[in-house]
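Chemist: Sharing a structure, written as structure tokens. Questions coming.
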Amino acid sequence: MRSAESLAGALLALALCAAGPSHAGAEAVRQEAIARLKLQMPQVPVASYGLGAAAFDLAQGEVADGAATAIVEEGRRLWQKKFRNGKSLGSCFPNGGRRIAGTFPQFDARLKKVVTLETAINQCLLLNKEPPFDPADARTMGAALAWLRAQSDGMKIAVRVASPAAEQRFESGRELFFMRTGQQNLACASCHLKSAGRVYGDSAILPAVGLAAQWPAIRGGQPVTITGRIRDCLVRMGAAPVNFSAEDFAHVEFFLAYLSNGYPVRANVSRGD
Amino acid sequence: MSPLLRSFARAAFVLAACSPPLAAHAQGIEQGREIFVRKDKGNCSACHQVPSDPEVASRATVGPALAGLRDRMPDRAALREMLFDPMRRNPEGIMPPFGRHEILQASEIERVIDYLHAIR
């Protein structure tokens with residue numbers, strides 16, 4: 001009996017080891033980032049990290065214009081447009097896509113990959129024998145995401161890293177975030193962690209925590225998705241041609257979204273630049 | 001030649017002798033400032049303020065504000081090495097390796113040093 005108890009205890013310990021550290025790893029990384037940012041930006045409340053530039057300077061915040069309304073309307077049209085088989089984008093998502101954005105990206109154990117809203121939209125199109133959207137096209141993918149994210153405005157981000165496989169993708173995103181690249185020899189972390197809150201050019205550098213709450217942002221009248229923003233940063237770092245694969249972008253987004261857990265989704269905030 | 005005229009001629013000679021190098025140096029400083037602010041070149045003003053130079057309008061706080069650099073780093077070679085590859089001094093730093101990654105040519109780094117040493 002004693003040996004059976006010992007065996008059960010050992011099995012339980014093994015199970016805890018397998019499940020425990022994986023989730024604790026992502027959460028430890030998030031807490032460490034918050035602790036660092038608190039020290040670095042004592043004047044900025046942690047709760048306002050998700051406000052973007054407005055957390056640092058209200059003048060850099062939102063700009064009232066009609067662009068966001070027009071983009072969301074175009075996104076709604078795309079969302080409701082019937083496929084040749086009579087279905088629509090909404091048919092692929094629970095609740096037609098309402099109140100789901102805060103749970104993306106998700107690690108799909110069946111597909112063994114991170115599924116972002118972008119990839120979910122294109123999976124839906126392909127599944128219904130429709131041509132996929134170009135992820136860089138503001139008029140299709142940008143507009144569809146603008147509408148979709150707007151349906152989750154205010155929803156708290158709750159991305160899960162709940163298995164060793166998911167943890168592995170989170171870790172891949174973390175490594176890419178800290179990887180120096182390009183002619184400027186910078187990493188995402190060089191700015192969004194080490195220099196968060198400081199001013200680059202004329203703008204405050206946003207902290208990594210909360211960074212995934214506000215997108216798309218409307219810049220120059222166009223929706224800029226989180227992938228688009230990461231791509232812009234890479235180009236500025238002099239990493240051209242951009243050396244990230246689609247999977248790399250998904251992993252970085254997964255990492256950033258987990259770091260933004262608890263912050264409300266704020267879609268389609270207009271920026272002046 | 002009167003003593004006054006002689007003095008004037010001497011002064012004119014000295015000025016003539018000095019003026020090409022002075023002009024070249026002033027030109028170097030001007031070129032250095034341009035490289036300092038240009039986004040496709042040094043883009044240094046994106047990270048550094050230069051409080052004494054009204055031509056460089058910057059609110060940047062990523063790097064330290066630059067003042068009196070000539071007093072702190074009078075050695076051009078040390079400044080050149082720092083601009084070429086700042087990671088040699090500070091592997092954790094975020095200043096780009098302007099020389100090592102060929103962001104700036106050697107002659108452009110020299111002009112930036114001219115400008116940095118002219119900052120008060």
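Residues are referred to by chain and number: the chain letter is A, B, ... according to the order shown in the structure tokens, the number counts from 1 in that chain, and ligands are numbered separately from 1 in the order shown.
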Residues of chain B were defined as contacting chain A if any atom lay at most 10 Å from it, counting only C-alpha atoms; please report them as a compact mmCIF listing (two decimals) with N, CA and C atoms, in the first residue's frame.

Modeler:
# COMPACT_ATOMS: atom_id res chain seq x y z
N LYS B 39 16.93 61.31 -40.88
CA LYS B 39 16.38 60.00 -40.50
C LYS B 39 17.05 58.85 -41.26
N ASP B 40 17.49 59.13 -42.48
CA ASP B 40 18.11 58.08 -43.27
C ASP B 40 19.63 58.03 -43.05
N ASN B 43 20.26 59.93 -37.64
CA ASN B 43 18.99 60.02 -36.91
C ASN B 43 19.23 60.10 -35.40
N CYS B 44 20.35 60.72 -35.03
CA CYS B 44 20.74 60.79 -33.61
C CYS B 44 19.73 61.60 -32.79
N SER B 45 19.12 62.61 -33.45
CA SER B 45 18.20 63.48 -32.71
C SER B 45 16.91 62.76 -32.35
N ALA B 46 16.68 61.56 -32.88
CA ALA B 46 15.51 60.78 -32.47
C ALA B 46 15.69 60.30 -31.03
N CYS B 47 16.94 60.18 -30.59
CA CYS B 47 17.22 59.69 -29.23
C CYS B 47 17.83 60.74 -28.31
N HIS B 48 18.58 61.70 -28.89
CA HIS B 48 19.32 62.68 -28.08
C HIS B 48 18.82 64.11 -28.32
N GLN B 49 18.71 64.87 -27.25
CA GLN B 49 18.49 66.30 -27.38
C GLN B 49 19.84 67.01 -27.41
N ALA B 57 15.85 70.47 -33.11
CA ALA B 57 14.66 70.47 -32.26
C ALA B 57 14.33 69.02 -31.91
N SER B 58 14.48 68.66 -30.66
CA SER B 58 14.21 67.28 -30.26
C SER B 58 13.71 67.24 -28.83
N ARG B 59 12.70 66.40 -28.62
CA ARG B 59 12.20 66.17 -27.25
C ARG B 59 12.69 64.82 -26.73
N ALA B 60 13.59 64.20 -27.49
CA ALA B 60 13.97 62.81 -27.22
C ALA B 60 14.64 62.63 -25.87
N THR B 61 14.35 61.49 -25.27
CA THR B 61 14.95 61.16 -23.97
C THR B 61 15.48 59.72 -23.93
N VAL B 62 15.58 59.07 -25.08
CA VAL B 62 16.07 57.68 -25.09
C VAL B 62 17.53 57.65 -24.66
N GLY B 63 18.34 58.54 -25.22
CA GLY B 63 19.73 58.67 -24.82
C GLY B 63 19.92 59.96 -24.04
N MET B 87 28.66 48.75 -28.83
CA MET B 87 28.52 47.52 -28.04
C MET B 87 29.86 47.07 -27.44
N GLU B 92 25.07 45.80 -23.60
CA GLU B 92 23.63 45.86 -23.36
C GLU B 92 23.01 47.15 -23.90
N GLY B 93 23.84 48.05 -24.41
CA GLY B 93 23.34 49.34 -24.88
C GLY B 93 22.48 49.20 -26.13
N ILE B 94 21.80 50.30 -26.47
CA ILE B 94 20.90 50.22 -27.62
C ILE B 94 21.30 51.19 -28.74
N MET B 95 22.46 51.85 -28.59
CA MET B 95 22.89 52.74 -29.67
C MET B 95 23.36 51.89 -30.86
N PRO B 96 22.89 52.23 -32.06
CA PRO B 96 23.26 51.41 -33.23
C PRO B 96 24.77 51.46 -33.53
N PRO B 97 25.30 50.37 -34.09
CA PRO B 97 26.72 50.35 -34.47
C PRO B 97 26.89 51.03 -35.83
N PHE B 98 27.06 52.35 -35.80
CA PHE B 98 27.01 53.14 -37.04
C PHE B 98 28.09 52.74 -38.04
N ARG B 100 30.18 49.66 -37.74
CA ARG B 100 30.20 48.21 -37.95
C ARG B 100 29.08 47.75 -38.87
N HIS B 101 27.92 48.35 -38.75
CA HIS B 101 26.79 47.96 -39.61
C HIS B 101 26.64 48.87 -40.84
N GLU B 102 27.66 49.68 -41.07
CA GLU B 102 27.71 50.52 -42.28
C GLU B 102 26.49 51.42 -42.43
N ILE B 103 26.02 51.93 -41.29
CA ILE B 103 24.94 52.91 -41.35
C ILE B 103 25.53 54.24 -41.83

Chemist: List every residue of chain B that DSSP, applied to the backbone of this structure, places in helix (DSSP H, G or I), and write the result as a PyMOL selection string.

Modeler: chain B and resi 3-37+44-46+69-72+76-84+86-88+106-118

Chemist: Keeping only C-alpha atoms, take the residues you just selected and write them out as a CSV table (one decimal), in the first residue's frame.

Modeler:
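Written output follows (again.csv):
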chain,number,residue,atom,x,y,z
B,3,PRO,CA,53.3,100.5,-39.7
B,4,LEU,CA,49.5,100.6,-39.8
B,5,LEU,CA,49.4,99.3,-43.3
B,6,ARG,CA,51.9,96.6,-42.4
B,7,SER,CA,49.8,95.5,-39.5
B,8,PHE,CA,46.8,95.3,-41.7
B,9,ALA,CA,48.5,93.3,-44.3
B,10,ARG,CA,49.8,90.8,-41.7
B,11,ALA,CA,46.4,90.4,-40.3
B,12,ALA,CA,45.0,89.9,-43.8
B,13,PHE,CA,47.6,87.2,-44.4
B,14,VAL,CA,46.8,85.4,-41.2
B,15,LEU,CA,43.2,85.5,-41.9
B,16,ALA,CA,43.7,84.3,-45.4
B,17,ALA,CA,45.9,81.5,-44.1
B,18,CYS,CA,43.4,80.5,-41.5
B,19,SER,CA,40.3,80.9,-43.3
B,20,PRO,CA,40.3,77.8,-45.6
B,21,PRO,CA,40.7,75.4,-42.6
B,22,LEU,CA,38.2,77.4,-40.5
B,23,ALA,CA,35.7,77.3,-43.4
B,24,ALA,CA,36.3,73.6,-43.9
B,25,HIS,CA,35.8,73.0,-40.2
B,26,ALA,CA,32.7,75.0,-40.1
B,27,GLN,CA,31.5,73.1,-43.1
B,28,GLY,CA,32.3,69.8,-41.3
B,29,ILE,CA,30.2,70.8,-38.3
B,30,GLU,CA,27.3,71.7,-40.6
B,31,GLN,CA,27.5,68.4,-42.4
B,32,GLY,CA,27.8,66.6,-39.1
B,33,ARG,CA,24.6,68.3,-37.9
B,34,GLU,CA,22.8,67.3,-41.0
B,35,ILE,CA,23.9,63.6,-40.6
B,36,PHE,CA,22.9,63.9,-36.9
B,37,VAL,CA,19.3,64.9,-37.7
B,44,CYS,CA,20.7,60.8,-33.6
B,45,SER,CA,18.2,63.5,-32.7
B,46,ALA,CA,15.5,60.8,-32.5
B,69,LEU,CA,31.0,66.4,-25.1
B,70,ARG,CA,34.3,67.8,-26.1
B,71,ASP,CA,35.2,68.2,-22.4
B,72,ARG,CA,34.0,64.7,-21.5
B,76,ARG,CA,38.4,61.8,-31.2
B,77,ALA,CA,39.6,58.2,-31.4
B,78,ALA,CA,37.6,57.2,-28.4
B,79,LEU,CA,34.5,58.9,-29.8
B,80,ARG,CA,35.1,57.3,-33.2
B,81,GLU,CA,35.3,53.9,-31.6
B,82,MET,CA,32.1,54.5,-29.7
B,83,LEU,CA,30.2,55.6,-32.8
B,84,PHE,CA,31.7,52.7,-34.8
B,86,PRO,CA,29.0,51.1,-29.1
B,87,MET,CA,28.5,47.5,-28.0
B,88,ARG,CA,32.3,47.2,-27.4
B,106,ALA,CA,34.0,56.6,-42.0
B,107,SER,CA,34.0,60.1,-43.4
B,108,GLU,CA,30.4,60.7,-42.1
B,109,ILE,CA,31.4,59.5,-38.7
B,110,GLU,CA,34.2,62.1,-38.8
B,111,ARG,CA,31.7,64.9,-39.6
B,112,VAL,CA,29.5,63.8,-36.7
B,113,ILE,CA,32.5,64.0,-34.4
B,114,ASP,CA,33.2,67.5,-35.7
B,115,TYR,CA,29.6,68.4,-34.8
B,116,LEU,CA,29.7,66.6,-31.4
B,117,HIS,CA,32.9,68.4,-30.4
B,118,ALA,CA,31.4,71.8,-31.4

Chemist: Within 7 Å of Gly90 in chain A, counting only C-alpha atoms, which residues qualify if same-chain residues fewer than 5 places away don't, as an NGL selection string?

Modeler: :A and (79-80 or 96-97)

Chemist: Which neighbours of Ala67 in chain B fall inside 9 Å, counting only C-alpha atoms, when residues of the same chain fewer than 6 positions from it are skipped, and could you give them as a PyMOL selection string?

Modeler: chain B and resi 49-52+116+119-120

Chemist: At a cut-off of 8 Å, using only C-alpha atoms, what residues contact range 49-57 of chain A? Leave out same-chain residues fewer than 2 positions from it and give the result as a PyMOL selection string.

Modeler: chain A and resi 44-47+59-62+197+203-207+209-214+260+263-264

Chemist: Write out as number ranges by chain the set of residues from range 74-211 of chain A that DSSP, computed on the backbone, places in strand (DSSP E).

Modeler: A: 106-108, 113-115, 199-200, 203-204
